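Chemist: Dropping the structure in here first, questions after.
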Amino acid sequence: MGLVKSALRIEQATLGYGKEPVLQEVNISVQPGEILAVVGPNGVGKSTLVKAACGSLPLLEGEVLIGEHNLRELKPGQRARRVSVVSQAVNLPPAFCALDVVLMGRTPYLGWLEQESERDRRIALDAMARTETISLAKRPIGELSGGEKQRVLIARALAQSTPVMLLDEPTAHLDLKHQDNLLKLVRNLAFVDNLAVMITLHDLNLVARFTDRVALLSNGRVRKIGVPAEVLTPDELADVYGIRIHVINHPLDGKPLVLSG
């Protein structure tokens with residue numbers, strides 16, 4: 001059997017703002033069907049990495065490749081057909097109904113002033129059905145709860161029909177139930193649609209439960225990358241976060257359970 005080609009590859013990348021690097025020598029790949037978590041302290045560059053991976057932040061050095069395509073050589077519409085993003089802070093007109101927001105995911109496939117086709121509408125409604133937001137289709141986005149809004153934004157990204165999906169802290173400000181439901185949804189989408197998913201998360205126990213591999217960022221570099229049990233260790237985490245860390249096996253599934261103090 002041949003090797004599975006990565007859907008997303010970041011190679012020898014230096015990224016930052018102006019001439020100031022935030023991250024250097026970044027080498028990360030994500031395969032179809034895989035969820036890679038990016039973790040590290042506040043300000044280490046997790047969101048910056050997401051911006052670089054979707055092409056909204058030009059690299060200072062290195063390359064980002066989606067399949068065989070160099071992101072730098074693609075026009076914005078071409079990039080949007082290959083990588084979708086669910087960002088932390090999204091300002092949407094509160095009067096827009098949820099279906100209108102999801103239909104925005106079809107914009108990369110439309111010509112200038114072209115209206116959505118019946119096929120675009122079917123794709124959007126299917127994305128809403130799969131994310132269990134179809135009942136919200138006619139509701140104004142400004143009336144939705146945080147969990148509902150996040151699911152609508154994932155439906156929009158799913159309607160975009162890309163092989164790569166990036167999520168930047170999608171569980172921020174959600175309660176335990178909505179965190180669990182949201183990450184189960186992402187896990188299912190990665191498996192069923194063979195999506196390559198890169199996600200930034202703060203909660204290391206969610207990382208251990210829902211992701212396949214972890215990239216730990218520290219001091220402007222990728223300190224370590226591997227499966228959760230290899231990366232979420234007391235020595236690695238204590239050094240990066242600067243606090244005492246305990247890691248035990250979860251009594252139910254045996255996955256790492258990270259405790260501080």
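Identifiers in the structure tokens: chain A, B, ... in order shown; residue index from 1 per chain; ligand index from 1 in order shown.
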Which of range 24-256 of chain A end up as strand (DSSP E) when DSSP is run on this backbone - answer as a ChimeraX atom specification?
Modeler: /A:24-30,35-39,61-66,69-70,83-86,164-168,196-200,213-218,221-226,245-249,256
Chemist: Print the selection's residues with N, CA and C atoms to a file, as a compact mmCIF listing (two decimals), in the first residue's frame.
Modeler:
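Writing done, so here's part_4.txt:
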```txt
# COMPACT_ATOMS: atom_id res chain seq x y z
N GLN A 24 8.56 29.85 14.11
CA GLN A 24 9.62 29.58 13.15
C GLN A 24 9.80 28.08 12.96
N GLU A 25 10.28 27.72 11.78
CA GLU A 25 10.61 26.33 11.45
C GLU A 25 9.45 25.38 11.74
N VAL A 26 8.26 25.79 11.32
CA VAL A 26 7.07 24.98 11.55
C VAL A 26 6.93 23.94 10.45
N ASN A 27 6.86 22.67 10.85
CA ASN A 27 6.62 21.56 9.94
C ASN A 27 5.46 20.73 10.49
N ILE A 28 4.32 20.84 9.84
CA ILE A 28 3.11 20.16 10.30
C ILE A 28 2.39 19.58 9.09
N SER A 29 1.86 18.38 9.23
CA SER A 29 1.02 17.80 8.19
C SER A 29 -0.23 17.21 8.82
N VAL A 30 -1.33 17.23 8.05
CA VAL A 30 -2.59 16.64 8.49
C VAL A 30 -3.12 15.77 7.36
N ILE A 35 -7.68 14.44 12.86
CA ILE A 35 -7.80 15.69 13.60
C ILE A 35 -6.49 15.95 14.33
N LEU A 36 -5.86 17.07 13.99
CA LEU A 36 -4.63 17.50 14.65
C LEU A 36 -4.97 18.69 15.55
N ALA A 37 -4.66 18.57 16.84
CA ALA A 37 -4.85 19.68 17.77
C ALA A 37 -3.57 20.50 17.87
N VAL A 38 -3.72 21.81 17.93
CA VAL A 38 -2.59 22.71 18.17
C VAL A 38 -2.81 23.33 19.54
N VAL A 39 -1.84 23.12 20.45
CA VAL A 39 -2.00 23.57 21.83
C VAL A 39 -0.77 24.36 22.26
N GLU A 61 8.48 32.93 5.56
CA GLU A 61 9.30 31.92 4.88
C GLU A 61 8.50 30.63 4.83
N GLY A 62 8.88 29.73 3.91
CA GLY A 62 8.29 28.40 3.86
C GLY A 62 7.08 28.32 2.95
N GLU A 63 6.36 27.20 3.07
CA GLU A 63 5.24 26.91 2.18
C GLU A 63 4.08 26.31 2.95
N VAL A 64 2.86 26.57 2.45
CA VAL A 64 1.66 25.85 2.87
C VAL A 64 1.09 25.19 1.63
N LEU A 65 0.88 23.88 1.70
CA LEU A 65 0.33 23.14 0.58
C LEU A 65 -0.97 22.46 0.96
N ILE A 66 -1.97 22.61 0.11
CA ILE A 66 -3.23 21.90 0.25
C ILE A 66 -3.24 20.85 -0.85
N HIS A 69 -1.31 21.62 -4.16
CA HIS A 69 -1.39 23.03 -4.53
C HIS A 69 -0.70 23.91 -3.48
N ASN A 70 0.19 24.78 -3.94
CA ASN A 70 0.84 25.75 -3.08
C ASN A 70 -0.13 26.89 -2.82
N VAL A 83 -9.88 25.11 1.56
CA VAL A 83 -9.75 25.16 3.01
C VAL A 83 -10.83 26.07 3.59
N SER A 84 -11.55 25.58 4.60
CA SER A 84 -12.59 26.36 5.28
C SER A 84 -12.14 26.64 6.70
N VAL A 85 -12.68 27.70 7.28
CA VAL A 85 -12.23 28.16 8.60
C VAL A 85 -13.43 28.47 9.49
N VAL A 86 -13.37 27.99 10.72
CA VAL A 86 -14.31 28.40 11.76
C VAL A 86 -13.49 29.18 12.78
N VAL A 164 -10.04 20.42 3.62
CA VAL A 164 -9.37 20.82 4.86
C VAL A 164 -10.28 21.77 5.63
N MET A 165 -10.41 21.55 6.94
CA MET A 165 -11.18 22.45 7.80
C MET A 165 -10.31 22.87 8.97
N LEU A 166 -10.27 24.17 9.24
CA LEU A 166 -9.51 24.73 10.35
C LEU A 166 -10.49 25.31 11.36
N LEU A 167 -10.28 25.02 12.63
CA LEU A 167 -11.14 25.54 13.69
C LEU A 167 -10.27 26.19 14.76
N ASP A 168 -10.58 27.44 15.09
CA ASP A 168 -9.81 28.18 16.07
C ASP A 168 -10.62 28.36 17.34
N ALA A 196 -9.49 16.60 6.59
CA ALA A 196 -8.30 16.89 7.38
C ALA A 196 -8.63 18.09 8.25
N VAL A 197 -8.57 17.91 9.56
CA VAL A 197 -8.99 18.96 10.49
C VAL A 197 -7.81 19.38 11.36
N MET A 198 -7.57 20.70 11.40
CA MET A 198 -6.63 21.26 12.37
C MET A 198 -7.41 22.17 13.29
N ILE A 199 -7.26 21.95 14.60
CA ILE A 199 -8.08 22.66 15.58
C ILE A 199 -7.21 23.16 16.72
N THR A 200 -7.42 24.41 17.13
CA THR A 200 -6.73 24.93 18.31
C THR A 200 -7.67 24.78 19.51
N ARG A 213 -3.72 13.52 16.85
CA ARG A 213 -2.35 13.94 17.15
C ARG A 213 -2.37 15.35 17.69
N VAL A 214 -1.27 15.72 18.33
CA VAL A 214 -1.15 17.01 19.00
C VAL A 214 0.16 17.68 18.60
N ALA A 215 0.09 18.97 18.28
CA ALA A 215 1.29 19.78 18.08
C ALA A 215 1.37 20.76 19.24
N LEU A 216 2.41 20.65 20.04
CA LEU A 216 2.60 21.50 21.22
C LEU A 216 3.54 22.64 20.85
N LEU A 217 3.04 23.88 20.95
CA LEU A 217 3.83 25.06 20.61
C LEU A 217 4.45 25.65 21.87
N SER A 218 5.70 26.09 21.74
CA SER A 218 6.39 26.72 22.87
C SER A 218 7.57 27.53 22.35
N ARG A 221 8.16 27.88 18.50
CA ARG A 221 8.42 26.70 17.67
C ARG A 221 7.44 25.58 18.03
N VAL A 222 7.40 24.57 17.18
CA VAL A 222 6.68 23.34 17.52
C VAL A 222 7.62 22.51 18.39
N ARG A 223 7.29 22.43 19.65
CA ARG A 223 8.16 21.71 20.59
C ARG A 223 8.09 20.20 20.38
N LYS A 224 6.86 19.70 20.19
CA LYS A 224 6.69 18.26 20.01
C LYS A 224 5.40 18.01 19.27
N ILE A 225 5.37 16.95 18.46
CA ILE A 225 4.16 16.56 17.75
C ILE A 225 4.05 15.04 17.80
N GLY A 226 2.86 14.54 18.09
CA GLY A 226 2.66 13.10 18.19
C GLY A 226 1.26 12.80 18.69
N ILE A 245 2.18 19.67 36.80
CA ILE A 245 1.19 18.92 36.03
C ILE A 245 1.23 17.45 36.43
N HIS A 246 0.05 16.85 36.56
CA HIS A 246 -0.07 15.40 36.74
C HIS A 246 -0.86 14.86 35.55
N VAL A 247 -0.45 13.73 35.04
CA VAL A 247 -1.19 13.05 33.98
C VAL A 247 -1.43 11.62 34.40
N ILE A 248 -2.70 11.22 34.44
CA ILE A 248 -3.07 9.85 34.78
C ILE A 248 -3.91 9.28 33.64
N ASN A 249 -4.09 7.98 33.64
CA ASN A 249 -4.97 7.35 32.67
C ASN A 249 -6.43 7.54 33.09
N PRO A 256 -5.11 10.03 28.27
CA PRO A 256 -4.49 10.90 29.27
C PRO A 256 -5.51 11.84 29.91
```
Chemist: Between range 12-95 of chain A and range 110-121 of chain A, at 12 Å or less, what are the per-residue closest atom pairs and their distances in Å? Count only C-alpha atoms, order by chain and rising residue number, and return it as a tab-separated table.
Modeler:
```
residue	atom	partner	partner_atom	distance
A:Gly77	CA	A:Leu110	CA	9.4
A:Gln78	CA	A:Leu110	CA	11.6
A:Ala80	CA	A:Leu110	CA	11.6
A:Arg81	CA	A:Leu110	CA	11.0
```
Chemist: I need the residue nearest Ile10 in chain A from this list: A:Pro41, A:Cys97, A:Val50, A:Val192. Use only C-alpha atoms for the distance.
Modeler: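 Of A:Pro41, A:Cys97, A:Val50, A:Val192, the one nearest Ile10 in chain A, counting only C-alpha atoms, is A:Val50.
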Chemist: Among range 74-257 of chain A, which ones does DSSP assign to alpha helix (DSSP H) (computed from the backbone)? Answer as a ChimeraX atom specification.
Modeler: /A:76-80,98-103,118-130,146-159,176-193,204-210,228-231,234-241
Chemist: Take the residues from that selection and put them in a file with C-alpha atoms, as an mmCIF file, in the first residue's frame.
Modeler:
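Output saved as selection33.cif:
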```
data_model
loop_
_atom_site.group_PDB
_atom_site.id
_atom_site.type_symbol
_atom_site.label_atom_id
_atom_site.label_comp_id
_atom_site.auth_asym_id
_atom_site.auth_seq_id
_atom_site.Cartn_x
_atom_site.Cartn_y
_atom_site.Cartn_z
ATOM 1 C CA PRO A 76 -8.616 33.729 -2.944
ATOM 2 C CA GLY A 77 -11.549 31.898 -4.516
ATOM 3 C CA GLN A 78 -9.384 28.869 -5.239
ATOM 4 C CA ARG A 79 -8.116 28.833 -1.650
ATOM 5 C CA ALA A 80 -11.685 29.024 -0.360
ATOM 6 C CA ALA A 98 -29.050 30.810 9.948
ATOM 7 C CA LEU A 99 -29.649 29.428 6.433
ATOM 8 C CA ASP A 100 -28.314 32.658 4.893
ATOM 9 C CA VAL A 101 -25.143 32.266 6.976
ATOM 10 C CA VAL A 102 -24.668 28.655 5.862
ATOM 11 C CA LEU A 103 -25.253 29.642 2.220
ATOM 12 C CA GLU A 118 -30.975 24.969 -6.126
ATOM 13 C CA ARG A 119 -27.946 22.682 -5.815
ATOM 14 C CA ASP A 120 -26.196 25.219 -3.549
ATOM 15 C CA ARG A 121 -29.306 25.381 -1.413
ATOM 16 C CA ARG A 122 -29.475 21.570 -1.183
ATOM 17 C CA ILE A 123 -25.816 21.436 -0.122
ATOM 18 C CA ALA A 124 -26.433 24.092 2.554
ATOM 19 C CA LEU A 125 -29.540 22.334 3.884
ATOM 20 C CA ASP A 126 -27.701 19.005 3.942
ATOM 21 C CA ALA A 127 -24.883 20.630 5.951
ATOM 22 C CA MET A 128 -27.461 21.969 8.397
ATOM 23 C CA ALA A 129 -29.128 18.579 8.694
ATOM 24 C CA ARG A 130 -25.807 16.903 9.442
ATOM 25 C CA GLY A 146 -23.267 30.240 21.619
ATOM 26 C CA GLY A 147 -23.488 26.502 20.977
ATOM 27 C CA GLU A 148 -26.101 26.922 18.248
ATOM 28 C CA LYS A 149 -24.081 29.639 16.543
ATOM 29 C CA GLN A 150 -20.933 27.500 16.541
ATOM 30 C CA ARG A 151 -22.811 24.620 14.927
ATOM 31 C CA VAL A 152 -24.152 26.972 12.261
ATOM 32 C CA LEU A 153 -20.611 28.178 11.546
ATOM 33 C CA ILE A 154 -19.448 24.571 11.202
ATOM 34 C CA ALA A 155 -22.384 23.958 8.843
ATOM 35 C CA ARG A 156 -21.194 26.930 6.785
ATOM 36 C CA ALA A 157 -17.684 25.472 6.633
ATOM 37 C CA LEU A 158 -19.106 22.056 5.698
ATOM 38 C CA ALA A 159 -21.202 23.641 2.912
ATOM 39 C CA LEU A 176 -19.509 21.182 29.038
ATOM 40 C CA LYS A 177 -22.461 19.729 27.144
ATOM 41 C CA HIS A 178 -21.983 21.966 24.118
ATOM 42 C CA GLN A 179 -18.215 21.377 24.110
ATOM 43 C CA ASP A 180 -18.799 17.638 24.070
ATOM 44 C CA ASN A 181 -21.475 17.790 21.364
ATOM 45 C CA LEU A 182 -19.442 20.110 19.167
ATOM 46 C CA LEU A 183 -16.289 18.003 19.237
ATOM 47 C CA LYS A 184 -18.259 14.788 18.665
ATOM 48 C CA LEU A 185 -19.655 16.511 15.568
ATOM 49 C CA VAL A 186 -16.177 17.485 14.344
ATOM 50 C CA ARG A 187 -14.928 13.945 15.026
ATOM 51 C CA ASN A 188 -17.795 12.508 12.969
ATOM 52 C CA LEU A 189 -17.268 14.939 10.076
ATOM 53 C CA ALA A 190 -13.572 14.089 9.896
ATOM 54 C CA PHE A 191 -14.399 10.378 9.759
ATOM 55 C CA VAL A 192 -17.388 10.417 7.396
ATOM 56 C CA ASP A 193 -16.162 13.124 4.990
ATOM 57 C CA LEU A 204 -6.015 19.494 27.097
ATOM 58 C CA ASN A 205 -8.519 16.883 28.252
ATOM 59 C CA LEU A 206 -10.710 17.621 25.229
ATOM 60 C CA VAL A 207 -7.564 17.262 23.128
ATOM 61 C CA ALA A 208 -6.896 13.826 24.636
ATOM 62 C CA ARG A 209 -10.463 12.643 24.034
ATOM 63 C CA PHE A 210 -11.178 13.900 20.543
ATOM 64 C CA PRO A 228 -1.820 12.618 22.770
ATOM 65 C CA ALA A 229 -0.126 10.076 25.044
ATOM 66 C CA GLU A 230 3.288 11.076 23.646
ATOM 67 C CA VAL A 231 2.792 14.835 23.922
ATOM 68 C CA PRO A 234 3.937 15.841 32.891
ATOM 69 C CA ASP A 235 7.460 16.887 31.901
ATOM 70 C CA GLU A 236 6.478 18.393 28.542
ATOM 71 C CA LEU A 237 3.454 20.253 29.882
ATOM 72 C CA ALA A 238 5.051 21.507 33.107
ATOM 73 C CA ASP A 239 7.931 22.985 31.132
ATOM 74 C CA VAL A 240 5.657 24.692 28.602
ATOM 75 C CA TYR A 241 2.928 25.961 30.935
#
```
Chemist: Near Gly18 in chain A, counting only C-alpha atoms, which residues have an atom at most 12 Å away, once you skip same-chain residues fewer than 5 positions from it, shown as JSON, numbers by chain?
Modeler: {"A": [57, 58, 59, 60]}
Chemist: Just how far from CA of Gln88 in chain A is CA of Gly142 in chain A, in Å to one decimal?
Modeler: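 Here the two named atoms are 16.1 Å from each other.
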Chemist: Provide the CA of Ala95 in chain A to CA of Ile141 in chain A distance in Å, to one decimal place.
Modeler: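 One can read the CA of Ala95 in chain A to CA of Ile141 in chain A distance as 6.4 Å.
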Chemist: Counting only C-alpha atoms, which residue out of A:Arg82, A:Lys46, A:His173, A:Lys51 sits closest to Leu195 in chain A?
Modeler: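 Closest to Leu195 in chain A, using only C-alpha atoms: A:Arg82.
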Chemist: Pick out the closest residue to Pro170 in chain A from this set: A:Val90, A:Leu49, A:Val22, A:Cys54. Count only C-alpha atoms.
Modeler: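 Ranked by minimum distance to Pro170 in chain A, first place goes to A:Val90.
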Chemist: What is the distance between CA of Pro163 in chain A and CA of Gly55 in chain A, in Å to one decimal?
Modeler: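 Going from CA of Pro163 in chain A over to CA of Gly55 in chain A, I get 15.0 Å.
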